[in-house]
$ cat protein-v9.pdb   # PDB, C-alpha atoms and all ligand atoms
ATOM      1  CA  MET A   1      91.263  99.589  95.307
ATOM      2  CA  LEU A   2      90.705  95.885  94.614
ATOM      3  CA  GLU A   3      88.352  96.679  91.746
ATOM      4  CA  LEU A   4      90.763  99.163  90.138
ATOM      5  CA  THR A   5      93.578  96.625  90.593
ATOM      6  CA  GLN A   6      91.596  93.820  88.987
ATOM      7  CA  TRP A   7      90.488  95.977  86.056
ATOM      8  CA  LEU A   8      94.142  96.756  85.438
ATOM      9  CA  PHE A   9      95.766  93.374  86.079
ATOM     10  CA  THR A  10      93.062  91.047  84.769
ATOM     11  CA  TYR A  11      91.496  93.283  82.151
ATOM     12  CA  ALA A  12      90.814  90.271  79.893
ATOM     13  CA  ASP A  13      89.156  88.004  82.453
ATOM     14  CA  PRO A  14      85.372  87.736  81.964
ATOM     15  CA  ASP A  15      84.724  87.731  85.752
ATOM     16  CA  LEU A  16      87.251  90.343  86.843
ATOM     17  CA  ARG A  17      87.462  92.852  84.003
ATOM     18  CA  ARG A  18      85.893  96.293  84.008
ATOM     19  CA  PRO A  19      82.184  95.857  83.327
ATOM     20  CA  GLY A  20      81.326  96.977  79.833
ATOM     21  CA  SER A  21      84.870  96.740  78.509
ATOM     22  CA  ASP A  22      85.089  95.697  74.882
ATOM     23  CA  LEU A  23      87.866  93.143  74.426
ATOM     24  CA  SER A  24      87.391  93.012  70.672
ATOM     25  CA  ASP A  25      88.787  96.532  70.543
ATOM     26  CA  PRO A  26      92.623  96.612  70.629
ATOM     27  CA  ALA A  27      92.431 100.047  72.272
ATOM     28  CA  GLU A  28      90.549  98.631  75.258
ATOM     29  CA  ILE A  29      93.605  98.164  77.481
ATOM     30  CA  THR A  30      94.602 101.807  77.032
ATOM     31  CA  ARG A  31      91.029 102.926  77.734
ATOM     32  CA  THR A  32      90.880 100.782  80.884
ATOM     33  CA  TRP A  33      94.291 102.041  82.044
ATOM     34  CA  ASN A  34      93.111 105.649  81.615
ATOM     35  CA  ILE A  35      89.978 104.931  83.682
ATOM     36  CA  VAL A  36      92.045 103.166  86.371
ATOM     37  CA  PHE A  37      94.594 105.985  86.339
ATOM     38  CA  LYS A  38      91.823 108.540  86.856
ATOM     39  CA  GLY A  39      90.418 106.431  89.720
ATOM     40  CA  PHE A  40      93.771 106.496  91.495
ATOM     41  CA  ALA A  41      94.384 110.173  90.617
ATOM     42  CA  ASP A  42      91.018 111.198  92.113
ATOM     43  CA  TYR A  43      91.586 109.087  95.216
ATOM     44  CA  TYR A  44      95.089 110.422  95.857
ATOM     45  CA  ALA A  45      94.557 114.120  94.920
ATOM     46  CA  PRO A  46      93.512 115.169  98.467
ATOM     47  CA  ILE A  47      96.237 112.986  99.981
ATOM     48  CA  ILE A  48      98.911 114.614  97.787
ATOM     49  CA  LYS A  49      97.597 118.056  98.766
ATOM     50  CA  ASP A  50      97.610 117.144 102.431
ATOM     51  CA  ARG A  51     101.118 115.610 102.437
ATOM     52  CA  ARG A  52     102.576 118.582 100.583
ATOM     53  CA  ALA A  53     101.098 120.997 103.110
ATOM     54  CA  CYS A  54     101.934 118.826 106.068
ATOM     55  CA  PRO A  55     104.543 116.105 105.359
ATOM     56  CA  ARG A  56     104.893 113.292 107.842
ATOM     57  CA  ASP A  57     106.823 110.052 108.155
ATOM     58  CA  ASP A  58     105.015 107.973 105.550
ATOM     59  CA  ILE A  59     105.344 106.787 101.956
ATOM     60  CA  ALA A  60     102.576 109.147 100.779
ATOM     61  CA  SER A  61     104.666 112.134 101.958
ATOM     62  CA  LEU A  62     107.752 110.754 100.202
ATOM     63  CA  ILE A  63     105.916 110.368  96.901
ATOM     64  CA  ALA A  64     103.942 113.631  97.144
ATOM     65  CA  ASN A  65     107.153 115.580  97.731
ATOM     66  CA  GLY A  66     109.290 113.439  95.431
ATOM     67  CA  GLN A  67     111.832 115.074  93.160
ATOM     68  CA  VAL A  68     113.498 113.855  89.988
ATOM     69  CA  ASN A  69     116.775 115.582  89.092
ATOM     70  CA  GLY A  70     115.934 118.393  91.491
ATOM     71  CA  CYS A  71     112.475 119.099  90.024
ATOM     72  CA  PRO A  72     109.116 118.055  91.511
ATOM     73  CA  MET A  73     107.972 114.716  90.151
ATOM     74  CA  GLU A  74     105.449 115.035  87.315
ATOM     75  CA  GLU A  75     101.866 114.329  88.319
ATOM     76  CA  ARG A  76     101.583 111.344  85.994
ATOM     77  CA  ALA A  77     104.673 109.705  87.519
ATOM     78  CA  MET A  78     103.430 110.526  91.000
ATOM     79  CA  VAL A  79     100.005 108.987  90.460
ATOM     80  CA  SER A  80     101.684 105.958  88.849
ATOM     81  CA  TYR A  81     103.742 105.476  92.018
ATOM     82  CA  PHE A  82     100.603 105.691  94.127
ATOM     83  CA  ALA A  83      98.877 103.255  91.757
ATOM     84  CA  ILE A  84     101.664 100.684  92.030
ATOM     85  CA  ALA A  85     101.977 101.087  95.796
ATOM     86  CA  SER A  86      98.204 100.499  96.098
ATOM     87  CA  SER A  87      97.838  97.682  93.598
ATOM     88  CA  ALA A  88     101.063  95.671  93.924
ATOM     89  CA  GLY A  89     100.529  94.163  97.341
ATOM     90  CA  HIS A  90      97.147  92.443  97.592
ATOM     91  CA  ASP A  91      96.464  90.609  94.322
ATOM     92  CA  THR A  92     100.033  89.232  94.259
ATOM     93  CA  THR A  93     100.006  87.852  97.788
ATOM     94  CA  SER A  94      96.482  86.427  97.495
ATOM     95  CA  ALA A  95      97.329  84.774  94.143
ATOM     96  CA  THR A  96     100.468  83.252  95.674
ATOM     97  CA  THR A  97      98.538  82.014  98.706
ATOM     98  CA  ALA A  98      95.823  80.501  96.502
ATOM     99  CA  ALA A  99      98.457  78.763  94.349
ATOM    100  CA  ALA A 100     100.123  77.379  97.485
ATOM    101  CA  MET A 101      96.765  76.117  98.795
ATOM    102  CA  TRP A 102      96.187  74.382  95.467
ATOM    103  CA  VAL A 103      99.566  72.592  95.796
ATOM    104  CA  LEU A 104      98.834  71.719  99.415
ATOM    105  CA  ALA A 105      95.510  70.155  98.421
ATOM    106  CA  GLU A 106      97.115  68.141  95.629
ATOM    107  CA  GLN A 107     100.530  67.055  96.897
ATOM    108  CA  PRO A 108     100.213  63.988  99.135
ATOM    109  CA  GLY A 109     102.053  64.264 102.436
ATOM    110  CA  LEU A 110     102.900  67.967 102.102
ATOM    111  CA  LEU A 111     100.556  69.105 104.886
ATOM    112  CA  ALA A 112     101.927  66.474 107.295
ATOM    113  CA  ARG A 113     105.497  67.390 106.346
ATOM    114  CA  LEU A 114     104.968  71.103 107.029
ATOM    115  CA  GLN A 115     103.207  70.334 110.298
ATOM    116  CA  ALA A 116     106.018  68.032 111.423
ATOM    117  CA  ASP A 117     108.679  70.579 110.533
ATOM    118  CA  PRO A 118     107.364  74.183 110.664
ATOM    119  CA  LYS A 119     110.883  75.418 109.852
ATOM    120  CA  LEU A 120     109.997  74.436 106.281
ATOM    121  CA  ILE A 121     107.307  77.148 106.121
ATOM    122  CA  PRO A 122     109.587  80.005 104.914
ATOM    123  CA  GLY A 123     110.855  77.668 102.152
ATOM    124  CA  PHE A 124     107.260  76.717 101.338
ATOM    125  CA  VAL A 125     106.416  80.427 100.977
ATOM    126  CA  GLU A 126     109.509  81.075  98.831
ATOM    127  CA  GLU A 127     108.709  78.140  96.571
ATOM    128  CA  SER A 128     105.082  79.239  96.268
ATOM    129  CA  ILE A 129     106.293  82.629  94.983
ATOM    130  CA  ARG A 130     108.467  80.886  92.371
ATOM    131  CA  TRP A 131     105.612  78.526  91.556
ATOM    132  CA  ALA A 132     102.887  81.164  91.253
ATOM    133  CA  SER A 133     105.028  83.985  89.799
ATOM    134  CA  PRO A 134     101.967  86.250  90.042
ATOM    135  CA  VAL A 135     103.795  89.054  88.271
ATOM    136  CA  GLN A 136     104.244  87.233  84.997
ATOM    137  CA  GLN A 137     105.883  89.943  82.967
ATOM    138  CA  PHE A 138     106.946  93.525  82.771
ATOM    139  CA  VAL A 139     108.229  95.352  79.736
ATOM    140  CA  ARG A 140     111.436  97.314  80.181
ATOM    141  CA  SER A 141     113.436  99.509  77.785
ATOM    142  CA  ALA A 142     117.172  98.985  77.305
ATOM    143  CA  THR A 143     119.289 101.898  78.539
ATOM    144  CA  GLN A 144     122.312 100.826  76.475
ATOM    145  CA  ASP A 145     123.340  98.494  73.681
ATOM    146  CA  TYR A 146     123.882  94.984  75.010
ATOM    147  CA  GLU A 147     124.853  91.551  73.714
ATOM    148  CA  LEU A 148     122.881  88.706  75.314
ATOM    149  CA  ARG A 149     123.585  85.159  74.200
ATOM    150  CA  GLY A 150     124.350  86.249  70.681
ATOM    151  CA  ARG A 151     121.322  88.540  70.454
ATOM    152  CA  HIS A 152     122.028  92.201  69.943
ATOM    153  CA  ILE A 153     119.824  94.473  72.037
ATOM    154  CA  ARG A 154     119.853  98.113  71.052
ATOM    155  CA  LYS A 155     119.450 101.072  73.356
ATOM    156  CA  GLY A 156     115.731 101.902  73.503
ATOM    157  CA  ASP A 157     114.564  98.410  72.536
ATOM    158  CA  LEU A 158     111.522  97.204  74.453
ATOM    159  CA  LEU A 159     112.158  93.921  76.259
ATOM    160  CA  TYR A 160     109.543  91.488  77.543
ATOM    161  CA  ILE A 161     110.830  90.228  80.906
ATOM    162  CA  SER A 162     109.097  86.923  81.598
ATOM    163  CA  TYR A 163     109.443  86.284  85.332
ATOM    164  CA  ILE A 164     107.328  83.148  85.066
ATOM    165  CA  SER A 165     109.604  81.660  82.409
ATOM    166  CA  GLY A 166     112.754  82.625  84.350
ATOM    167  CA  ASN A 167     111.303  80.872  87.355
ATOM    168  CA  ARG A 168     111.085  77.613  85.371
ATOM    169  CA  ASP A 169     114.600  77.914  83.905
ATOM    170  CA  GLU A 170     116.197  74.447  83.753
ATOM    171  CA  GLU A 171     119.664  76.011  83.870
ATOM    172  CA  VAL A 172     118.902  77.519  87.263
ATOM    173  CA  PHE A 173     116.452  75.121  88.908
ATOM    174  CA  ASP A 174     116.682  71.343  89.225
ATOM    175  CA  ASP A 175     113.384  69.821  88.290
ATOM    176  CA  PRO A 176     111.730  73.230  87.809
ATOM    177  CA  PHE A 177     108.233  71.804  87.306
ATOM    178  CA  THR A 178     108.203  70.179  90.743
ATOM    179  CA  PHE A 179     107.101  72.127  93.816
ATOM    180  CA  ARG A 180     109.734  71.649  96.533
ATOM    181  CA  PRO A 181     109.359  73.452  99.860
ATOM    182  CA  ASP A 182     112.998  72.618 100.691
ATOM    183  CA  ARG A 183     114.450  73.963  97.439
ATOM    184  CA  ALA A 184     117.816  75.538  98.315
ATOM    185  CA  PRO A 185     119.059  77.766  96.976
ATOM    186  CA  ASN A 186     115.851  79.121  95.510
ATOM    187  CA  ARG A 187     117.110  81.899  93.242
ATOM    188  CA  HIS A 188     113.726  82.811  91.821
ATOM    189  CA  ILE A 189     113.078  86.201  90.276
ATOM    190  CA  GLY A 190     109.419  86.406  91.373
ATOM    191  CA  PHE A 191     110.141  89.780  93.011
ATOM    192  CA  GLY A 192     112.149  91.052  90.038
ATOM    193  CA  TYR A 193     115.762  92.087  90.141
ATOM    194  CA  GLY A 194     117.917  95.193  90.432
ATOM    195  CA  GLY A 195     117.051  98.777  91.276
ATOM    196  CA  HIS A 196     113.290  98.273  91.070
ATOM    197  CA  ILE A 197     113.101  94.940  92.872
ATOM    198  CA  CYS A 198     109.788  94.609  94.699
ATOM    199  CA  LEU A 199     109.517  97.208  97.440
ATOM    200  CA  GLY A 200     107.122  94.980  99.388
ATOM    201  CA  GLN A 201     109.040  91.692  99.179
ATOM    202  CA  HIS A 202     109.783  91.450 102.891
ATOM    203  CA  LEU A 203     106.235  92.426 103.841
ATOM    204  CA  ALA A 204     104.882  89.856 101.358
ATOM    205  CA  ARG A 205     107.050  87.072 102.802
ATOM    206  CA  LEU A 206     106.092  88.061 106.340
ATOM    207  CA  GLU A 207     102.345  88.153 105.603
ATOM    208  CA  MET A 208     102.374  84.765 103.930
ATOM    209  CA  ARG A 209     104.617  83.108 106.525
ATOM    210  CA  LEU A 210     102.360  84.330 109.361
ATOM    211  CA  PHE A 211      99.274  83.177 107.478
ATOM    212  CA  TRP A 212     100.606  79.627 107.019
ATOM    213  CA  GLU A 213     102.057  79.444 110.525
ATOM    214  CA  ALA A 214      98.603  80.231 111.904
ATOM    215  CA  LEU A 215      96.620  77.997 109.556
ATOM    216  CA  LEU A 216      98.708  74.860 109.070
ATOM    217  CA  PRO A 217      98.680  73.599 112.682
ATOM    218  CA  ARG A 218      94.865  73.720 112.661
ATOM    219  CA  LEU A 219      94.273  71.817 109.435
ATOM    220  CA  ALA A 220      93.591  68.085 109.661
ATOM    221  CA  THR A 221      92.934  67.503 105.957
ATOM    222  CA  VAL A 222      92.602  69.569 102.809
ATOM    223  CA  GLU A 223      91.636  68.473  99.305
ATOM    224  CA  LEU A 224      90.316  70.011  96.121
ATOM    225  CA  ALA A 225      86.532  70.212  95.984
ATOM    226  CA  GLY A 226      86.426  71.118  92.292
ATOM    227  CA  PRO A 227      88.681  72.303  89.507
ATOM    228  CA  PRO A 228      90.660  75.480  90.291
ATOM    229  CA  ARG A 229      90.343  78.274  87.748
ATOM    230  CA  MET A 230      93.117  80.632  86.679
ATOM    231  CA  ALA A 231      92.376  84.281  85.978
ATOM    232  CA  GLU A 232      92.754  85.066  82.300
ATOM    233  CA  SER A 233      95.653  87.457  82.069
ATOM    234  CA  GLU A 234      99.225  87.603  80.870
ATOM    235  CA  PHE A 235     100.146  90.322  83.344
ATOM    236  CA  VAL A 236      99.613  90.034  87.113
ATOM    237  CA  CYS A 237      97.383  87.137  88.058
ATOM    238  CA  GLY A 238      96.957  83.711  89.582
ATOM    239  CA  PRO A 239      94.140  81.345  90.478
ATOM    240  CA  LYS A 240      90.841  83.191  90.818
ATOM    241  CA  SER A 241      89.140  80.222  92.411
ATOM    242  CA  VAL A 242      90.534  77.215  94.312
ATOM    243  CA  PRO A 243      87.595  75.288  95.790
ATOM    244  CA  ILE A 244      88.742  73.187  98.752
ATOM    245  CA  ARG A 245      87.216  70.829 101.260
ATOM    246  CA  PHE A 246      88.980  70.807 104.612
ATOM    247  CA  THR A 247      88.669  69.530 108.161
ATOM    248  CA  VAL A 248      90.186  71.081 111.265
ATOM    249  CA  LYS A 249      91.897  69.346 114.138
ATOM    250  CA  ALA A 250      89.738  68.567 117.148
TER     251      ALA A 250
HETATM  252  C1  LIG A 301     103.988  87.605  96.358
HETATM  253  C2  LIG A 301     103.903  88.900  96.400
HETATM  254  C3  LIG A 301     104.593  89.847  95.455
HETATM  255  C4  LIG A 301     105.240  89.603  94.272
HETATM  256  C5  LIG A 301     105.465  88.268  93.586
HETATM  257  C6  LIG A 301     105.717  90.886  93.781
HETATM  258  C7  LIG A 301     106.432  91.049  92.592
HETATM  259  C8  LIG A 301     106.948  92.252  92.145
HETATM  260  C9  LIG A 301     107.729  92.435  90.934
HETATM  261  C10 LIG A 301     108.109  91.328  89.963
HETATM  262  C11 LIG A 301     108.040  93.740  90.834
HETATM  263  C12 LIG A 301     108.857  94.405  89.708
HETATM  264  C13 LIG A 301     110.332  94.348  90.052
HETATM  265  C14 LIG A 301     111.246  94.782  88.940
HETATM  266  O1  LIG A 301     110.896  95.679  88.170
HETATM  267  O2  LIG A 301     112.358  94.213  88.843
HETATM  268  C15 LIG A 301     107.442  94.417  91.962
HETATM  269  C16 LIG A 301     107.527  95.772  92.202
HETATM  270  C17 LIG A 301     106.902  96.400  93.244
HETATM  271  N1  LIG A 301     106.197  95.814  94.281
HETATM  272 FE1  LIG A 301     105.860  93.843  94.524
HETATM  273  N2  LIG A 301     105.339  91.866  94.648
HETATM  274  C18 LIG A 301     104.658  91.273  95.689
HETATM  275  C19 LIG A 301     104.134  91.923  96.819
HETATM  276  C20 LIG A 301     104.209  93.268  97.053
HETATM  277  C21 LIG A 301     103.712  93.939  98.249
HETATM  278  C22 LIG A 301     103.081  93.243  99.456
HETATM  279  C23 LIG A 301     103.926  95.275  98.066
HETATM  280  C24 LIG A 301     103.614  96.436  98.956
HETATM  281  C25 LIG A 301     102.626  96.502  99.790
HETATM  282  C26 LIG A 301     104.589  95.441  96.780
HETATM  283  C27 LIG A 301     104.988  96.647  96.255
HETATM  284  C28 LIG A 301     105.735  96.804  95.113
HETATM  285  C29 LIG A 301     106.147  98.098  94.588
HETATM  286  C30 LIG A 301     105.833  99.466  95.202
HETATM  287  C31 LIG A 301     106.894  97.849  93.428
HETATM  288  C32 LIG A 301     107.571  98.858  92.511
HETATM  289  C33 LIG A 301     109.001  99.059  92.929
HETATM  290  C34 LIG A 301     109.753 100.022  92.025
HETATM  291  O3  LIG A 301     109.360 100.216  90.870
HETATM  292  O4  LIG A 301     110.780 100.544  92.466
HETATM  293  N3  LIG A 301     104.735  94.205  96.204
HETATM  294  N4  LIG A 301     106.797  93.478  92.760
END
$ encode --input "protein-v9.pdb" --output "structure tokens"
Amino acid sequence: MLELTQWLFTYADPDLRRPGSDLSDPAEITRTWNIVFKGFADYYAPIIKDRRACPRDDIASLIANGQVNGCPMEERAMVSYFAIASSAGHDTTSATTAAAMWVLAEQPGLLARLQADPKLIPGFVEESIRWASPVQQFVRSATQDYELRGRHIRKGDLLYISYISGNRDEEVFDDPFTFRPDRAPNRHIGFGYGGHICLGQHLARLEMRLFWEALLPRLATVELAGPPRMAESEFVCGPKSVPIRFTVKA
């Protein structure tokens, strides 16, 4: 799952891309997507069969028996749902956690502040999502004509939604290039917006809050032990390596 996810999300990164992929070929991303799609389709075929024959109370049963306008969902849409449900949750949360660790190692006094006031941890998590914006962009198509700040968008136009840019919007955030665990309100769009807002947002917040609540009280010091490296991608990504040196409390 992790490999398929990385091939898809970080298809251009020399360390994470599908081995043998040819980035000089503009068709490479389509080829990689087809290989990833087949990987998920093969993995989920027996699960779809099983959940159709014997539905139970889980997401796999919902998707396998899903209907669109009264007709069974097409296989391609179904596998795409399984692909997003399998890929969306781990790379995003680990990238956000790595970005937060990077800030923690660099911002003087932040560790002590969080330890002195653990109620700041949910805000620290929220700000790390804004900061990391691991889902950098999605492309959406307009369902109707629309006027946006003097720009005319026509029905069917493809729109590049830059979550990472929105999360640095000076009209929304004071001092957007500063990491503030007590930022309030924090109206980031890291989880998207509207009907397709991230299905796993509450799980993601919970996982990361529990992680930091368990780790922070034990840390005595943390600092960078080398330069962090970002994954090369304009899609879903974050730091692929954040070397740290740390000590734990006695
Ligand atoms: C920090 C962690 C995460 C971030 C930043 C994030 C971000 C996003 C974004 C930006 C979208 C698109 C929303 C839109 O179209 O408006 C999305 C969709 C989605 N996310 Fe997440 N996500 C995270 C964690 C998770 C987790 C843990 C899961 C599940 C285990 C998950 C499952 C999904 C699914 C299934 C969708 C598609 C929803 C739909 O199309 O209706 N995500 N996420």
$ closest_atom_pairs --input "protein-v9.pdb" --of "chain A" --to "ligand LIG 301 (chain A)" --cutoff "6 Å" --atoms "only C-alpha atoms and all ligand atoms" --output "tab-separated table"
residue	atom	partner	partner_atom	distance
A:Ile84	CA	A:LIG301	C30	5.4
A:Ala85	CA	A:LIG301	C30	4.2
A:Ala88	CA	A:LIG301	C26	4.5
A:Gly89	CA	A:LIG301	C21	3.3
A:Thr92	CA	A:LIG301	C2	4.4
A:Thr93	CA	A:LIG301	C1	4.2
A:Thr96	CA	A:LIG301	C1	5.6
A:Ile129	CA	A:LIG301	C1	5.7
A:Ser133	CA	A:LIG301	C5	5.7
A:Pro134	CA	A:LIG301	C5	5.4
A:Val135	CA	A:LIG301	C10	5.2
A:Gly190	CA	A:LIG301	C5	4.9
A:Phe191	CA	A:LIG301	C7	3.9
A:Gly192	CA	A:LIG301	O2	3.4
A:Tyr193	CA	A:LIG301	O2	4.2
A:Gly194	CA	A:LIG301	O2	5.9
A:His196	CA	A:LIG301	O4	3.7
A:Ile197	CA	A:LIG301	C13	4.0
A:Cys198	CA	A:LIG301	C16	3.6
A:Leu199	CA	A:LIG301	C28	4.5
A:Gly200	CA	A:LIG301	C23	3.5
A:Gln201	CA	A:LIG301	C19	5.4
A:Leu203	CA	A:LIG301	C22	5.5
A:Ala204	CA	A:LIG301	C22	4.3
$ residues_around --input "protein-v9.pdb" --residues "Ile47 in chain A" --least-positions-apart "5" --cutoff "10 Å" --atoms "all atoms listed in the file" --output "list in words"
Ala41, Asp42, Arg52, Ala53, Ala60, Ser61 and Ala64 of chain A
$ resolve_selection --input "protein-v9.pdb" --expression "the PyMOL selection byres (((chain A and resi 13-26) around 12) and not hetatm)" --output "ChimeraX atom specification"
/A:2-12,27-33,35-36,91,229-241
$ closest_residue --input "protein-v9.pdb" --among "A:Arg140, A:Asp174, A:Ser87, A:Gly66" --to "Tyr160 in chain A" --atoms "only C-alpha atoms"
A:Arg140
$ resolve_selection --input "protein-v9.pdb" --expression "the PyMOL selection byres (((chain A and resi 125) around 8) and not hetatm)" --output "PyMOL selection string"
chain A and resi 100+121-124+126-129+181+205+208-209
$ resolve_selection --input "protein-v9.pdb" --expression "the PyMOL selection byres (((chain A and resi 139) around 9) and not hetatm)" --output "number ranges by chain"
A: 137-138, 140-141, 158-162
$ atom_distance --input "protein-v9.pdb" --atom1 "CA of Met101 in chain A" --atom2 "CA of Val242 in chain A"
7.8 Å
$ atom_distance --input "protein-v9.pdb" --atom1 "CA of Leu219 in chain A" --atom2 "CA of Thr247 in chain A"
6.2 Å
$ atom_distance --input "protein-v9.pdb" --atom1 "CA of Lys249 in chain A" --atom2 "CA of Leu216 in chain A"
10.1 Å
$ residues_around --input "protein-v9.pdb" --residues "Gly226 in chain A" --least-positions-apart "5" --cutoff "12 Å" --atoms "all atoms listed in the file" --output "ChimeraX atom specification"
/A:102,105-106,241-245
$ closest_residue --input "protein-v9.pdb" --among "A:Glu171, A:Leu210, A:Thr143, A:Leu111" --to "Phe246 in chain A" --atoms "only C-alpha atoms"
A:Leu111
$ residues_around --input "protein-v9.pdb" --residues "Phe177 in chain A" --least-positions-apart "4" --cutoff "12 Å" --atoms "all atoms listed in the file" --output "list in words"
Glu127, Arg130, Trp131, Ala132, Ile164, Ser165, Asn167, Arg168, Asp169, Glu170 and Phe173 of chain A
$ write_last_selection --input "protein-v9.pdb" --atoms "C-alpha atoms" --output "compact mmCIF listing (two decimals), in the frame of the given file"
# COMPACT_ATOMS: atom_id res chain seq x y z
CA GLU A 127 108.71 78.14 96.57
CA ARG A 130 108.47 80.89 92.37
CA TRP A 131 105.61 78.53 91.56
CA ALA A 132 102.89 81.16 91.25
CA ILE A 164 107.33 83.15 85.07
CA SER A 165 109.60 81.66 82.41
CA ASN A 167 111.30 80.87 87.36
CA ARG A 168 111.08 77.61 85.37
CA ASP A 169 114.60 77.91 83.90
CA GLU A 170 116.20 74.45 83.75
CA PHE A 173 116.45 75.12 88.91
$ build_atoms --input "protein-v9.pdb" --residues "range 186-207 of chain A" --atoms "N, CA and C atoms" --output "compact mmCIF listing (two decimals), in the frame of the given file"
# COMPACT_ATOMS: atom_id res chain seq x y z
N ASN A 186 117.03 78.88 96.35
CA ASN A 186 115.85 79.12 95.51
C ASN A 186 116.00 80.53 94.91
N ARG A 187 116.77 80.58 93.81
CA ARG A 187 117.11 81.90 93.24
C ARG A 187 116.05 82.36 92.25
N HIS A 188 114.80 82.39 92.73
CA HIS A 188 113.73 82.81 91.82
C HIS A 188 113.76 84.33 91.62
N ILE A 189 113.12 84.75 90.55
CA ILE A 189 113.08 86.20 90.28
C ILE A 189 111.64 86.70 90.37
N GLY A 190 110.84 86.03 91.23
CA GLY A 190 109.42 86.41 91.37
C GLY A 190 109.25 87.85 91.82
N PHE A 191 110.22 88.39 92.55
CA PHE A 191 110.14 89.78 93.01
C PHE A 191 110.93 90.71 92.10
N GLY A 192 111.37 90.21 90.95
CA GLY A 192 112.15 91.05 90.04
C GLY A 192 113.61 91.06 90.44
N TYR A 193 114.33 92.05 89.94
CA TYR A 193 115.76 92.09 90.14
C TYR A 193 116.26 93.51 89.93
N GLY A 194 117.27 93.91 90.69
CA GLY A 194 117.92 95.19 90.43
C GLY A 194 117.25 96.35 91.16
N GLY A 195 117.45 97.54 90.62
CA GLY A 195 117.05 98.78 91.28
C GLY A 195 115.57 98.86 91.61
N HIS A 196 114.73 98.20 90.82
CA HIS A 196 113.29 98.27 91.07
C HIS A 196 112.72 96.99 91.63
N ILE A 197 113.60 96.18 92.25
CA ILE A 197 113.10 94.94 92.87
C ILE A 197 111.96 95.29 93.83
N CYS A 198 111.02 94.36 93.94
CA CYS A 198 109.79 94.61 94.70
C CYS A 198 110.03 95.30 96.05
N LEU A 199 109.38 96.44 96.20
CA LEU A 199 109.52 97.21 97.44
C LEU A 199 108.87 96.48 98.62
N GLY A 200 107.88 95.63 98.31
CA GLY A 200 107.12 94.98 99.39
C GLY A 200 107.53 93.54 99.63
N GLN A 201 108.71 93.13 99.11
CA GLN A 201 109.04 91.69 99.18
C GLN A 201 109.10 91.16 100.61
N HIS A 202 109.65 91.96 101.52
CA HIS A 202 109.78 91.45 102.89
C HIS A 202 108.42 91.41 103.58
N LEU A 203 107.59 92.43 103.29
CA LEU A 203 106.24 92.43 103.84
C LEU A 203 105.46 91.23 103.29
N ALA A 204 105.60 90.97 101.98
CA ALA A 204 104.88 89.86 101.36
C ALA A 204 105.28 88.53 102.00
N ARG A 205 106.58 88.32 102.17
CA ARG A 205 107.05 87.07 102.80
C ARG A 205 106.49 86.95 104.22
N LEU A 206 106.55 88.07 104.95
CA LEU A 206 106.09 88.06 106.34
C LEU A 206 104.60 87.72 106.43
N GLU A 207 103.80 88.40 105.59
CA GLU A 207 102.34 88.15 105.60
C GLU A 207 102.05 86.68 105.35
